[in-house]
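J.: Below is the file run-v1.tsv, which contains TSV, C-alpha atoms.
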```tsv
chain	number	residue	atom	x	y	z
A	1	MET	CA	-6.80	-24.88	-63.26
A	2	ASN	CA	-3.92	-27.02	-61.99
A	3	GLN	CA	-2.75	-26.92	-58.40
A	4	ALA	CA	0.36	-24.90	-59.22
A	5	SER	CA	-1.69	-22.05	-60.69
A	6	ARG	CA	-4.21	-21.77	-57.86
A	7	PRO	CA	-4.03	-18.42	-56.09
A	8	THR	CA	-2.53	-18.43	-52.61
A	9	PRO	CA	-5.21	-17.71	-49.98
A	10	THR	CA	-4.93	-14.21	-48.56
A	11	VAL	CA	-3.99	-14.10	-44.89
A	12	VAL	CA	-6.25	-11.71	-42.98
A	13	ARG	CA	-4.28	-9.83	-40.34
A	14	ARG	CA	-6.10	-8.19	-37.46
A	15	ARG	CA	-4.26	-5.94	-35.04
A	16	VAL	CA	-5.41	-6.14	-31.43
A	17	VAL	CA	-4.21	-3.40	-29.10
A	18	ILE	CA	-4.64	-3.92	-25.34
A	19	VAL	CA	-4.54	-0.79	-23.18
A	20	VAL	CA	-3.00	-1.59	-19.80
A	21	PHE	CA	-3.18	0.43	-16.59
A	22	ASP	CA	-0.99	0.15	-13.51
A	23	ARG	CA	-2.23	-2.60	-11.17
A	24	ALA	CA	-3.96	-4.40	-14.05
A	25	GLN	CA	-4.85	-8.08	-13.63
A	26	MET	CA	-2.66	-10.34	-15.73
A	27	LEU	CA	-5.50	-12.65	-16.79
A	28	ASP	CA	-7.42	-9.68	-18.21
A	29	ILE	CA	-4.48	-9.23	-20.57
A	30	ALA	CA	-3.02	-12.71	-21.03
A	31	GLY	CA	-6.38	-14.50	-21.42
A	32	PRO	CA	-7.52	-12.64	-24.55
A	33	GLY	CA	-3.91	-12.40	-25.77
A	34	ASP	CA	-3.45	-16.17	-25.69
A	35	VAL	CA	-6.79	-16.82	-27.39
A	36	PHE	CA	-5.92	-14.55	-30.31
A	37	ALA	CA	-2.35	-15.87	-30.55
A	38	LEU	CA	-3.52	-19.49	-30.89
A	39	VAL	CA	-5.97	-18.93	-33.75
A	40	GLU	CA	-3.46	-19.28	-36.58
A	41	ARG	CA	-2.75	-22.88	-35.52
A	42	PHE	CA	-6.26	-23.81	-36.66
A	43	ASP	CA	-7.06	-21.10	-39.22
A	44	PRO	CA	-3.93	-20.34	-41.27
A	45	ASN	CA	-5.78	-17.59	-43.13
A	46	LEU	CA	-6.42	-15.51	-40.01
A	47	ARG	CA	-3.67	-14.00	-37.93
A	48	TYR	CA	-4.04	-11.69	-34.94
A	49	GLU	CA	-1.19	-9.41	-34.01
A	50	VAL	CA	-1.48	-8.49	-30.34
A	51	ARG	CA	0.24	-5.50	-28.78
A	52	CYS	CA	0.02	-4.00	-25.29
A	53	VAL	CA	0.31	-0.26	-24.70
A	54	SER	CA	-0.16	2.22	-21.89
A	55	SER	CA	-0.55	5.95	-21.73
A	56	ARG	CA	3.12	6.69	-21.08
A	57	GLY	CA	4.83	3.43	-22.06
A	58	GLY	CA	7.61	1.75	-20.14
A	59	PRO	CA	7.16	-0.59	-17.16
A	60	VAL	CA	3.64	-1.28	-15.88
A	61	LEU	CA	3.21	-2.96	-12.50
A	62	LEU	CA	0.47	-5.59	-12.48
A	63	SER	CA	-1.74	-6.50	-9.53
A	64	ASN	CA	0.15	-9.77	-8.93
A	65	GLY	CA	3.51	-7.99	-8.62
A	66	PHE	CA	4.70	-8.82	-12.13
A	67	SER	CA	5.63	-6.01	-14.47
A	68	LEU	CA	5.36	-5.54	-18.23
A	69	MET	CA	7.58	-3.39	-20.43
A	70	ILE	CA	5.25	-2.01	-23.08
A	71	GLY	CA	4.97	0.77	-25.64
A	72	SER	CA	3.12	4.06	-25.51
A	73	ILE	CA	-0.15	4.98	-27.18
A	74	ARG	CA	1.79	7.75	-28.92
A	75	TYR	CA	3.30	5.22	-31.31
A	76	VAL	CA	0.08	3.42	-32.25
A	77	ARG	CA	-1.25	4.03	-35.77
A	78	LEU	CA	-5.00	3.94	-35.17
A	79	ALA	CA	-5.86	3.37	-38.80
A	80	GLY	CA	-4.40	-0.13	-38.55
A	81	VAL	CA	-6.11	-1.22	-35.31
A	82	ASP	CA	-8.93	-3.76	-35.64
A	83	THR	CA	-9.78	-4.35	-31.97
A	84	LEU	CA	-9.01	-2.06	-29.04
A	85	LEU	CA	-9.28	-3.73	-25.64
A	86	ILE	CA	-9.28	-1.87	-22.31
A	87	ALA	CA	-8.05	-4.14	-19.53
A	88	GLY	CA	-9.28	-3.97	-15.95
A	89	ALA	CA	-7.18	-2.90	-12.97
A	90	GLU	CA	-7.17	-2.46	-9.22
A	91	ARG	CA	-8.91	0.65	-7.87
A	92	ASP	CA	-5.85	2.94	-7.72
A	93	GLY	CA	-4.75	2.07	-11.25
A	94	LEU	CA	-8.25	2.58	-12.60
A	95	LEU	CA	-8.68	5.96	-10.90
A	96	GLU	CA	-5.32	7.10	-12.27
A	97	ALA	CA	-6.41	6.10	-15.77
A	98	LEU	CA	-9.74	7.89	-15.44
A	99	SER	CA	-7.92	11.11	-14.58
A	100	ASP	CA	-5.59	10.80	-17.59
A	101	ASP	CA	-7.10	13.26	-20.08
A	102	ARG	CA	-4.65	12.32	-22.82
A	103	LEU	CA	-5.55	8.64	-22.55
A	104	GLY	CA	-9.28	9.43	-22.56
A	105	ALA	CA	-8.96	11.59	-25.67
A	106	TRP	CA	-6.93	8.90	-27.43
A	107	VAL	CA	-9.45	6.14	-26.66
A	108	ARG	CA	-12.37	8.32	-27.77
A	109	LYS	CA	-10.56	9.02	-31.04
A	110	ALA	CA	-9.78	5.32	-31.48
A	111	ALA	CA	-13.43	4.41	-30.85
A	112	GLY	CA	-14.33	6.16	-34.09
A	113	THR	CA	-11.92	4.10	-36.19
A	114	VAL	CA	-11.62	0.57	-34.75
A	115	ARG	CA	-13.90	-2.29	-35.77
A	116	ARG	CA	-14.36	-3.43	-32.17
A	117	LEU	CA	-14.08	-1.57	-28.88
A	118	VAL	CA	-13.70	-3.99	-25.98
A	119	SER	CA	-13.29	-3.96	-22.21
A	120	VAL	CA	-12.57	-6.61	-19.60
A	121	CYS	CA	-13.68	-6.33	-15.98
A	122	VAL	CA	-13.69	-2.72	-14.70
A	123	GLY	CA	-12.26	-1.54	-18.00
A	124	SER	CA	-15.94	-0.89	-18.74
A	125	PHE	CA	-15.84	1.86	-16.08
A	126	ALA	CA	-13.23	3.61	-18.17
A	127	LEU	CA	-15.33	3.30	-21.33
A	128	ALA	CA	-18.37	4.62	-19.47
A	129	HIS	CA	-16.36	7.46	-17.92
A	130	TRP	CA	-15.21	8.51	-21.39
A	131	GLY	CA	-18.82	8.55	-22.63
A	132	LEU	CA	-18.48	5.52	-24.90
A	133	LEU	CA	-21.19	3.37	-23.32
A	134	GLU	CA	-23.99	5.91	-23.14
A	135	GLY	CA	-27.23	4.24	-24.22
A	136	ARG	CA	-25.42	0.92	-24.66
A	137	ARG	CA	-25.79	-2.47	-23.02
A	138	ALA	CA	-22.70	-3.45	-21.05
A	139	THR	CA	-21.46	-5.45	-18.11
A	140	SER	CA	-18.60	-5.45	-15.63
A	141	HIS	CA	-17.40	-7.59	-12.74
A	142	TRP	CA	-20.33	-8.77	-10.64
A	143	SER	CA	-18.95	-7.07	-7.52
A	144	VAL	CA	-19.21	-3.57	-9.03
A	145	VAL	CA	-22.21	-3.70	-11.38
A	146	ASP	CA	-24.49	-1.95	-8.89
A	147	LEU	CA	-21.95	0.86	-8.50
A	148	MET	CA	-21.60	1.11	-12.26
A	149	GLN	CA	-25.35	1.47	-12.74
A	150	ARG	CA	-25.53	4.21	-10.10
A	151	ARG	CA	-22.49	6.02	-11.44
A	152	PHE	CA	-23.53	5.80	-15.10
A	153	PRO	CA	-27.35	5.73	-15.29
A	154	GLY	CA	-27.24	6.11	-19.07
A	155	VAL	CA	-25.60	2.67	-19.42
A	156	GLN	CA	-27.86	-0.40	-19.55
A	157	VAL	CA	-25.87	-2.60	-17.17
A	158	ASP	CA	-26.43	-6.35	-17.32
A	159	PRO	CA	-25.47	-7.42	-13.79
A	160	THR	CA	-24.86	-11.11	-14.43
A	161	ALA	CA	-23.79	-11.73	-18.04
A	162	LEU	CA	-20.37	-13.18	-18.74
A	163	TYR	CA	-20.02	-10.72	-21.58
A	164	VAL	CA	-22.24	-8.43	-23.61
A	165	GLN	CA	-22.02	-7.43	-27.26
A	166	ASP	CA	-23.82	-4.26	-28.31
A	167	GLY	CA	-22.92	-3.61	-31.91
A	168	SER	CA	-19.19	-2.96	-32.16
A	169	ILE	CA	-18.76	-2.69	-28.38
A	170	TRP	CA	-18.01	-5.77	-26.28
A	171	THR	CA	-17.70	-5.80	-22.48
A	172	ALA	CA	-16.76	-8.78	-20.28
A	173	GLY	CA	-17.39	-9.36	-16.60
A	174	GLY	CA	-13.76	-9.93	-15.83
A	175	VAL	CA	-10.83	-12.33	-15.46
A	176	THR	CA	-11.80	-15.63	-17.14
A	177	THR	CA	-14.84	-14.12	-18.86
A	178	GLY	CA	-12.43	-12.18	-21.05
A	179	ILE	CA	-11.41	-15.55	-22.48
A	180	ASP	CA	-15.04	-16.47	-23.20
A	181	MET	CA	-15.58	-13.14	-24.93
A	182	SER	CA	-12.40	-13.49	-26.98
A	183	LEU	CA	-13.48	-16.94	-28.13
A	184	ALA	CA	-16.81	-15.46	-29.23
A	185	MET	CA	-14.90	-12.87	-31.28
A	186	VAL	CA	-12.83	-15.63	-32.86
A	187	GLU	CA	-16.03	-17.49	-33.73
A	188	ALA	CA	-17.36	-14.33	-35.39
A	189	ASP	CA	-14.13	-13.77	-37.32
A	190	SER	CA	-13.45	-17.40	-38.24
A	191	SER	CA	-15.79	-20.22	-37.21
A	192	ARG	CA	-17.25	-22.05	-34.25
A	193	LEU	CA	-14.94	-24.96	-35.05
A	194	VAL	CA	-11.81	-22.83	-34.72
A	195	ALA	CA	-13.08	-21.18	-31.52
A	196	GLY	CA	-13.75	-24.64	-30.09
A	197	GLN	CA	-10.30	-25.87	-31.07
A	198	VAL	CA	-8.67	-22.91	-29.34
A	199	ALA	CA	-10.81	-23.56	-26.26
A	200	GLY	CA	-9.71	-27.19	-26.29
A	201	LEU	CA	-6.05	-26.23	-26.49
A	202	LEU	CA	-6.60	-24.03	-23.45
A	203	ALA	CA	-8.09	-27.09	-21.68
A	204	MET	CA	-11.43	-25.36	-21.19
A	205	ALA	CA	-14.20	-27.80	-20.37
A	206	ALA	CA	-16.69	-25.84	-22.47
A	207	ARG	CA	-17.02	-22.49	-24.13
A	208	ARG	CA	-19.50	-20.34	-22.27
A	209	ILE	CA	-21.87	-18.01	-24.08
A	210	GLY	CA	-22.42	-14.46	-22.93
A	211	ASN	CA	-25.87	-14.83	-21.44
A	212	GLN	CA	-24.66	-17.25	-18.79
A	213	SER	CA	-24.33	-15.93	-15.28
A	214	GLN	CA	-21.03	-14.90	-13.72
A	215	TYR	CA	-22.16	-17.13	-10.83
A	216	SER	CA	-21.87	-14.22	-8.40
A	217	VAL	CA	-24.82	-15.41	-6.32
A	218	GLN	CA	-23.39	-18.89	-5.83
A	219	LEU	CA	-19.95	-17.56	-5.01
A	220	ARG	CA	-21.36	-15.20	-2.41
A	221	ALA	CA	-23.56	-17.91	-0.89
A	222	GLN	CA	-20.74	-20.43	-0.56
A	223	THR	CA	-18.89	-18.26	1.93
A	224	GLY	CA	-21.73	-16.64	3.87
A	225	ARG	CA	-24.11	-17.39	6.70
A	226	TYR	CA	-25.90	-20.11	4.77
A	227	ALA	CA	-22.80	-21.80	3.34
A	228	GLN	CA	-23.61	-25.21	4.82
A	229	LEU	CA	-27.19	-25.03	3.58
A	230	VAL	CA	-25.97	-24.07	0.10
A	231	ASP	CA	-23.64	-27.07	0.04
A	232	TRP	CA	-26.51	-29.30	1.13
A	233	ILE	CA	-28.80	-27.90	-1.57
A	234	SER	CA	-26.19	-28.55	-4.26
A	235	ALA	CA	-25.80	-32.16	-3.10
A	236	ASN	CA	-29.53	-32.86	-2.77
A	237	LEU	CA	-31.20	-31.39	-5.83
A	238	ARG	CA	-33.67	-34.29	-6.05
A	239	GLN	CA	-34.92	-33.63	-2.53
A	240	PRO	CA	-37.86	-31.30	-1.73
A	241	LEU	CA	-36.31	-27.84	-1.59
A	242	ASP	CA	-39.36	-25.77	-0.74
A	243	ILE	CA	-39.18	-22.80	1.64
A	244	ALA	CA	-40.64	-24.74	4.57
A	245	SER	CA	-38.08	-27.55	4.27
A	246	LEU	CA	-35.11	-25.20	3.96
A	247	ALA	CA	-36.25	-22.97	6.82
A	248	ALA	CA	-36.71	-26.01	9.06
A	249	ARG	CA	-33.24	-27.23	8.16
A	250	VAL	CA	-31.64	-24.04	9.51
A	251	GLY	CA	-34.03	-23.69	12.43
A	252	GLU	CA	-35.70	-20.46	11.34
A	253	SER	CA	-39.26	-19.40	10.67
A	254	GLU	CA	-40.17	-19.24	6.99
A	255	ARG	CA	-40.58	-15.48	7.10
A	256	SER	CA	-37.24	-14.83	8.83
A	257	PHE	CA	-35.46	-17.33	6.60
A	258	CYS	CA	-36.70	-15.71	3.38
A	259	ARG	CA	-35.74	-12.25	4.57
A	260	ARG	CA	-32.28	-13.22	5.86
A	261	PHE	CA	-31.42	-15.52	2.95
A	262	SER	CA	-32.36	-12.88	0.38
A	263	ALA	CA	-30.28	-10.24	2.17
A	264	GLU	CA	-27.29	-12.55	2.56
A	265	VAL	CA	-27.26	-14.23	-0.84
A	266	GLY	CA	-28.85	-11.62	-3.09
A	267	GLU	CA	-31.66	-13.87	-4.34
A	268	PRO	CA	-34.83	-15.25	-2.71
A	269	PRO	CA	-34.47	-18.92	-1.73
A	270	ALA	CA	-36.74	-20.23	-4.50
A	271	ARG	CA	-34.85	-18.38	-7.22
A	272	PHE	CA	-31.52	-19.48	-5.78
A	273	VAL	CA	-32.61	-23.13	-5.81
A	274	GLU	CA	-33.64	-22.76	-9.46
A	275	THR	CA	-30.25	-21.17	-10.23
A	276	VAL	CA	-28.43	-24.16	-8.73
A	277	ARG	CA	-30.74	-26.61	-10.51
A	278	LEU	CA	-30.09	-24.88	-13.83
A	279	GLY	CA	-26.35	-25.07	-13.22
A	280	ALA	CA	-26.54	-28.83	-12.77
A	281	ALA	CA	-28.76	-29.22	-15.83
A	282	ARG	CA	-26.40	-27.09	-17.95
A	283	ARG	CA	-23.44	-29.24	-17.02
A	284	ALA	CA	-25.39	-32.36	-17.99
A	285	LEU	CA	-26.35	-30.84	-21.35
A	286	GLU	CA	-22.75	-29.79	-22.00
A	287	GLY	CA	-21.78	-33.43	-21.48
A	288	GLY	CA	-24.27	-34.58	-24.12
A	289	ALA	CA	-27.23	-35.58	-21.94
A	290	SER	CA	-30.79	-35.51	-23.23
A	291	ALA	CA	-33.21	-32.89	-21.90
A	292	LYS	CA	-34.92	-35.56	-19.81
A	293	THR	CA	-31.63	-36.67	-18.25
A	294	ALA	CA	-30.54	-33.08	-17.68
A	295	ALA	CA	-33.86	-32.32	-15.97
A	296	ARG	CA	-33.33	-35.26	-13.65
A	297	ALA	CA	-29.75	-34.14	-12.89
A	298	GLY	CA	-31.03	-30.72	-11.88
A	299	GLY	CA	-33.91	-32.05	-9.81
A	300	PHE	CA	-36.61	-30.75	-12.16
A	301	THR	CA	-39.83	-32.74	-12.16
A	302	THR	CA	-40.09	-32.95	-15.96
A	303	ALA	CA	-38.19	-31.93	-19.09
A	304	GLU	CA	-40.94	-29.38	-19.73
A	305	GLN	CA	-40.29	-27.75	-16.36
A	306	LEU	CA	-36.60	-27.53	-17.27
A	307	SER	CA	-37.49	-26.03	-20.66
A	308	ARG	CA	-39.64	-23.33	-19.04
A	309	ALA	CA	-36.80	-22.42	-16.65
A	310	PHE	CA	-34.32	-22.24	-19.54
A	311	ARG	CA	-36.57	-19.95	-21.56
A	312	ARG	CA	-37.26	-17.71	-18.59
A	313	ARG	CA	-33.65	-17.40	-17.42
A	314	LEU	CA	-31.54	-17.86	-20.58
A	315	ASP	CA	-34.00	-17.22	-23.42
A	316	LEU	CA	-32.99	-20.58	-24.92
A	317	THR	CA	-34.37	-24.10	-25.06
A	318	PRO	CA	-32.21	-26.82	-23.48
A	319	MET	CA	-31.38	-28.19	-26.92
A	320	GLU	CA	-30.44	-24.76	-28.28
A	321	TYR	CA	-28.15	-24.36	-25.29
A	322	GLN	CA	-26.62	-27.77	-25.92
A	323	ARG	CA	-25.95	-27.03	-29.60
A	324	GLN	CA	-24.18	-23.79	-28.69
A	325	HIS	CA	-21.86	-25.70	-26.38
A	326	ARG	CA	-21.30	-28.87	-28.35
A	327	GLY	CA	-21.36	-27.59	-31.95
A	328	LEU	CA	-17.76	-28.53	-32.72
```
Give the structure from this file in structure tokens form.
T.:
Amino acid sequence: MNQASRPTPTVVRRRVVIVVFDRAQMLDIAGPGDVFALVERFDPNLRYEVRCVSSRGGPVLLSNGFSLMIGSIRYVRLAGVDTLLIAGAERDGLLEALSDDRLGAWVRKAAGTVRRLVSVCVGSFALAHWGLLEGRRATSHWSVVDLMQRRFPGVQVDPTALYVQDGSIWTAGGVTTGIDMSLAMVEADSSRLVAGQVAGLLAMAARRIGNQSQYSVQLRAQTGRYAQLVDWISANLRQPLDIASLAARVGESERSFCRRFSAEVGEPPARFVETVRLGAARRALEGGASAKTAARAGGFTTAEQLSRAFRRRLDLTPMEYQRQHRGL
């Protein structure tokens, strides 16, 4: 068959509809939107068509003061929607959406037809409120996961994951994690190469997989009572970081230090130190370091000790983790 007679590759078109509430965060919308829009630069046979809608249509005020002029759900043909994404919003906007019976009925109907049902940040609260996460694994922003678990006991809430996929339902922790989740969807629809190319165009240092932490513990610790100690720990990972040494550094008894640190940070001191060590080791692996070098960067005694921590916390070996982040 000569070149002129070869069939033209079929372009796969996938419609992505983003449901927006008043007081939504722009990154919850623009992050996934930009990821999908960039795919055709690297995979000419895959094209996402992204559209934003709200319950009533018209102007929607975002949390940063910007506004969007968007269409109404009334004009969306559900049969043509591939991915339906529920964006997060500030409290008042979310509560208004939860009380919107028409919107809830529309999303429940859409859930039966779309290939993927997705939420970013507290958009998962809306999905749970509408009964779409019952018996499912899901996540939300780290600051509200405890509330979500109490409010919806039938949902298996992962309190730290960047994003969670449970069958056709995807939920992301919020803000930038929506980008990570969208890149994972692109990888599933196209390839890891294309997802990595999109990530590179967005100047992301590395694509993060869903089972990484949202880093809530570190963020909380960096601004709390033990902020100076946390900074010192991060800068001295090769030093002895046992309970006795840390308690002495802040002038507290070991018992009082363990109790106060756990209450303030949300993790016991030993687990927190391991979390910080793993963070340093992950960054080394993402840069191409060997397991031995990564162990040294994180202050682990041996590569085997690092491997045990990886398996316990991430259910991966260091090399498996590295391949998932450097497989471009």
J.: When distances are computed from only C-alpha atoms, which of A:Ala188, A:Val250, A:Ile29, A:Val39 shows the smallest separation from Trp232 (chain A)?
T.: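 Closest to Trp232 (chain A), using only C-alpha atoms: A:Val250.
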J.: Could you give me, as an mmCIF file with C-alpha atoms, keeping the file's coordinate frame, the residues that have an atom at most 12 Å away from the point (-12.9, -7.3, -33.6) in the coordinates of the file, using all atoms listed in the file?
T.:
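After the write, point.cif holds the following:
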```
data_model
loop_
_atom_site.group_PDB
_atom_site.id
_atom_site.type_symbol
_atom_site.label_atom_id
_atom_site.label_comp_id
_atom_site.auth_asym_id
_atom_site.auth_seq_id
_atom_site.Cartn_x
_atom_site.Cartn_y
_atom_site.Cartn_z
ATOM 1 C CA ARG A 13 -4.280 -9.830 -40.340
ATOM 2 C CA ARG A 14 -6.100 -8.190 -37.460
ATOM 3 C CA ARG A 15 -4.260 -5.940 -35.040
ATOM 4 C CA VAL A 16 -5.410 -6.140 -31.430
ATOM 5 C CA VAL A 17 -4.210 -3.400 -29.100
ATOM 6 C CA PRO A 32 -7.520 -12.640 -24.550
ATOM 7 C CA PHE A 36 -5.920 -14.550 -30.310
ATOM 8 C CA TYR A 48 -4.040 -11.690 -34.940
ATOM 9 C CA GLU A 49 -1.190 -9.410 -34.010
ATOM 10 C CA VAL A 50 -1.480 -8.490 -30.340
ATOM 11 C CA VAL A 81 -6.110 -1.220 -35.310
ATOM 12 C CA ASP A 82 -8.930 -3.760 -35.640
ATOM 13 C CA THR A 83 -9.780 -4.350 -31.970
ATOM 14 C CA LEU A 84 -9.010 -2.060 -29.040
ATOM 15 C CA LEU A 85 -9.280 -3.730 -25.640
ATOM 16 C CA THR A 113 -11.920 4.100 -36.190
ATOM 17 C CA VAL A 114 -11.620 0.570 -34.750
ATOM 18 C CA ARG A 115 -13.900 -2.290 -35.770
ATOM 19 C CA ARG A 116 -14.360 -3.430 -32.170
ATOM 20 C CA LEU A 117 -14.080 -1.570 -28.880
ATOM 21 C CA VAL A 118 -13.700 -3.990 -25.980
ATOM 22 C CA SER A 119 -13.290 -3.960 -22.210
ATOM 23 C CA GLN A 165 -22.020 -7.430 -27.260
ATOM 24 C CA GLY A 167 -22.920 -3.610 -31.910
ATOM 25 C CA SER A 168 -19.190 -2.960 -32.160
ATOM 26 C CA ILE A 169 -18.760 -2.690 -28.380
ATOM 27 C CA TRP A 170 -18.010 -5.770 -26.280
ATOM 28 C CA MET A 181 -15.580 -13.140 -24.930
ATOM 29 C CA SER A 182 -12.400 -13.490 -26.980
ATOM 30 C CA LEU A 183 -13.480 -16.940 -28.130
ATOM 31 C CA ALA A 184 -16.810 -15.460 -29.230
ATOM 32 C CA MET A 185 -14.900 -12.870 -31.280
ATOM 33 C CA VAL A 186 -12.830 -15.630 -32.860
ATOM 34 C CA GLU A 187 -16.030 -17.490 -33.730
ATOM 35 C CA ALA A 188 -17.360 -14.330 -35.390
ATOM 36 C CA ASP A 189 -14.130 -13.770 -37.320
ATOM 37 C CA SER A 190 -13.450 -17.400 -38.240
#
```
J.: Tell me which of A:Val273, A:Val12, A:Ala291, A:Ala37 sits closest to Leu229 (chain A), counting all atoms listed in the file.
T.: A:Val273
J.: What's the 12 Å shell around Phe310 (chain A), counting only C-alpha atoms, without same-chain residues fewer than 2 positions away, as a ChimeraX atom specification?
T.: /A:211-212,274-275,277-279,281-282,285,291,294-295,298,300,303-308,312-322
J.: Just want the 12 Å neighbourhood of Asn236 (chain A), counted on only C-alpha atoms, with same-chain residues fewer than 2 positions away dropped. Output as a list in words.
T.: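 Those residues are Leu229, Val230, Asp231, Trp232, Ile233, Ser234, Arg238, Gln239, Pro240, Leu241, Leu246, Val273, Val276, Arg277, Ala280, Arg296, Ala297, Gly298, Gly299 and Phe300 of chain A.
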J.: Which polymer residues have any atom within 8 Å of an atom of Val122 (chain A), counting all atoms listed in the file, with same-chain residues fewer than 4 positions away left out, as a list in words?
T.: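 Here the qualifying residues turn out to be Ala87, Gly88, Ala89, Leu94, Ala126, Ser140, His141, Val144, Gly173 and Gly174 of chain A.
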J.: Between A:Gly131, A:Gly154, A:Gly288, A:Pro268, which has the minimum distance to Gly104 (chain A) (counting all atoms listed in the file)?
T.: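 Residue with the minimum atom-to-atom distance to Gly104 (chain A): A:Gly131.
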J.: Using only C-alpha atoms, pick whichever of A:Ser253, A:Ser67, A:Thr160, A:Thr171 has the shortest atom-to-atom distance to Trp142 (chain A).
T.: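 Ranked by minimum distance to Trp142 (chain A), first place goes to A:Thr160.
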J.: Hey, which of A:Leu162, A:Val76, A:Met26, A:Ile18 ends up closest to Arg51 (chain A)? Count only C-alpha atoms.
T.: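 The shortest atom-to-atom distance to Arg51 (chain A) comes from A:Ile18.
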J.: Find the residues near Ala138 (chain A): any atom within 9 Å, counting only C-alpha atoms, skip ones fewer than 5 places away on the same chain, and give them as a VMD selection string.
T.: chain A and resid 124 133 155 to 159 161 163 to 166 169 to 172
J.: What is the distance, in Å and to one decimal place, between CA of Asp28 (chain A) and CA of Ala111 (chain A)?
T.: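 Computing the Euclidean distance for CA of Asp28 (chain A) and CA of Ala111 (chain A) yields 19.9 Å.
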J.: Of the candidates A:Ala97, A:Val145, A:Gly266, A:Gln228, which one gets nearest to Arg249 (chain A) if we count all atoms listed in the file?
T.: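 Nearest to Arg249 (chain A): A:Gln228.
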J.: Report, in Å to a single decimal, how far apart CA of Gly31 (chain A) and CA of Ile73 (chain A) are.
T.: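 Separation of CA of Ile73 (chain A) and CA of Gly31 (chain A): 21.2 Å.
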J.: Tell me, in Å to one decimal, how far CA of Ser72 (chain A) is from CA of Leu38 (chain A).
T.: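 Interatomic distance, CA of Ser72 (chain A) to CA of Leu38 (chain A): 25.1 Å.
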J.: For the point (-39.6, -17.0, -1.7) in the file's frame, write as JSON, numbers by chain all residues with an atom no more than 7 Å away, counting all atoms listed in the file.
T.: {"A": [243, 258, 268, 269, 270]}
J.: Complete the atom set of region 125-138 of chain A to N, CA and C atoms and return it as a PDB file, keeping the file's coordinate frame.
T.:
```pdb
ATOM      1  N   PHE A 125     -15.703   0.577 -16.779  1.00  0.00           N
ATOM      2  CA  PHE A 125     -15.840   1.860 -16.080  1.00  0.00           C
ATOM      3  C   PHE A 125     -15.140   2.957 -16.858  1.00  0.00           C
ATOM      4  N   ALA A 126     -13.961   2.611 -17.398  1.00  0.00           N
ATOM      5  CA  ALA A 126     -13.230   3.610 -18.170  1.00  0.00           C
ATOM      6  C   ALA A 126     -14.008   3.990 -19.427  1.00  0.00           C
ATOM      7  N   LEU A 127     -14.548   3.008 -20.131  1.00  0.00           N
ATOM      8  CA  LEU A 127     -15.330   3.300 -21.330  1.00  0.00           C
ATOM      9  C   LEU A 127     -16.551   4.163 -20.990  1.00  0.00           C
ATOM     10  N   ALA A 128     -17.205   3.829 -19.874  1.00  0.00           N
ATOM     11  CA  ALA A 128     -18.370   4.620 -19.470  1.00  0.00           C
ATOM     12  C   ALA A 128     -17.966   6.031 -19.075  1.00  0.00           C
ATOM     13  N   HIS A 129     -16.854   6.148 -18.359  1.00  0.00           N
ATOM     14  CA  HIS A 129     -16.360   7.460 -17.920  1.00  0.00           C
ATOM     15  C   HIS A 129     -16.041   8.345 -19.123  1.00  0.00           C
ATOM     16  N   TRP A 130     -15.564   7.752 -20.190  1.00  0.00           N
ATOM     17  CA  TRP A 130     -15.210   8.510 -21.390  1.00  0.00           C
ATOM     18  C   TRP A 130     -16.401   8.689 -22.330  1.00  0.00           C
ATOM     19  N   GLY A 131     -17.600   8.311 -21.865  1.00  0.00           N
ATOM     20  CA  GLY A 131     -18.820   8.550 -22.630  1.00  0.00           C
ATOM     21  C   GLY A 131     -19.064   7.585 -23.766  1.00  0.00           C
ATOM     22  N   LEU A 132     -18.386   6.441 -23.765  1.00  0.00           N
ATOM     23  CA  LEU A 132     -18.480   5.520 -24.900  1.00  0.00           C
ATOM     24  C   LEU A 132     -19.522   4.425 -24.725  1.00  0.00           C
ATOM     25  N   LEU A 133     -20.164   4.379 -23.555  1.00  0.00           N
ATOM     26  CA  LEU A 133     -21.190   3.370 -23.320  1.00  0.00           C
ATOM     27  C   LEU A 133     -22.573   3.973 -23.134  1.00  0.00           C
ATOM     28  N   GLU A 134     -22.705   5.259 -23.340  1.00  0.00           N
ATOM     29  CA  GLU A 134     -23.990   5.910 -23.140  1.00  0.00           C
ATOM     30  C   GLU A 134     -25.043   5.298 -24.072  1.00  0.00           C
ATOM     31  N   GLY A 135     -26.157   4.850 -23.454  1.00  0.00           N
ATOM     32  CA  GLY A 135     -27.230   4.240 -24.220  1.00  0.00           C
ATOM     33  C   GLY A 135     -26.942   2.826 -24.683  1.00  0.00           C
ATOM     34  N   ARG A 136     -25.835   2.270 -24.246  1.00  0.00           N
ATOM     35  CA  ARG A 136     -25.420   0.920 -24.660  1.00  0.00           C
ATOM     36  C   ARG A 136     -25.677  -0.095 -23.555  1.00  0.00           C
ATOM     37  N   ARG A 137     -25.790  -1.357 -23.968  1.00  0.00           N
ATOM     38  CA  ARG A 137     -25.790  -2.470 -23.020  1.00  0.00           C
ATOM     39  C   ARG A 137     -24.345  -2.822 -22.707  1.00  0.00           C
ATOM     40  N   ALA A 138     -24.067  -3.126 -21.451  1.00  0.00           N
ATOM     41  CA  ALA A 138     -22.700  -3.450 -21.050  1.00  0.00           C
ATOM     42  C   ALA A 138     -22.732  -4.230 -19.753  1.00  0.00           C
TER      43      ALA A 138
END
```
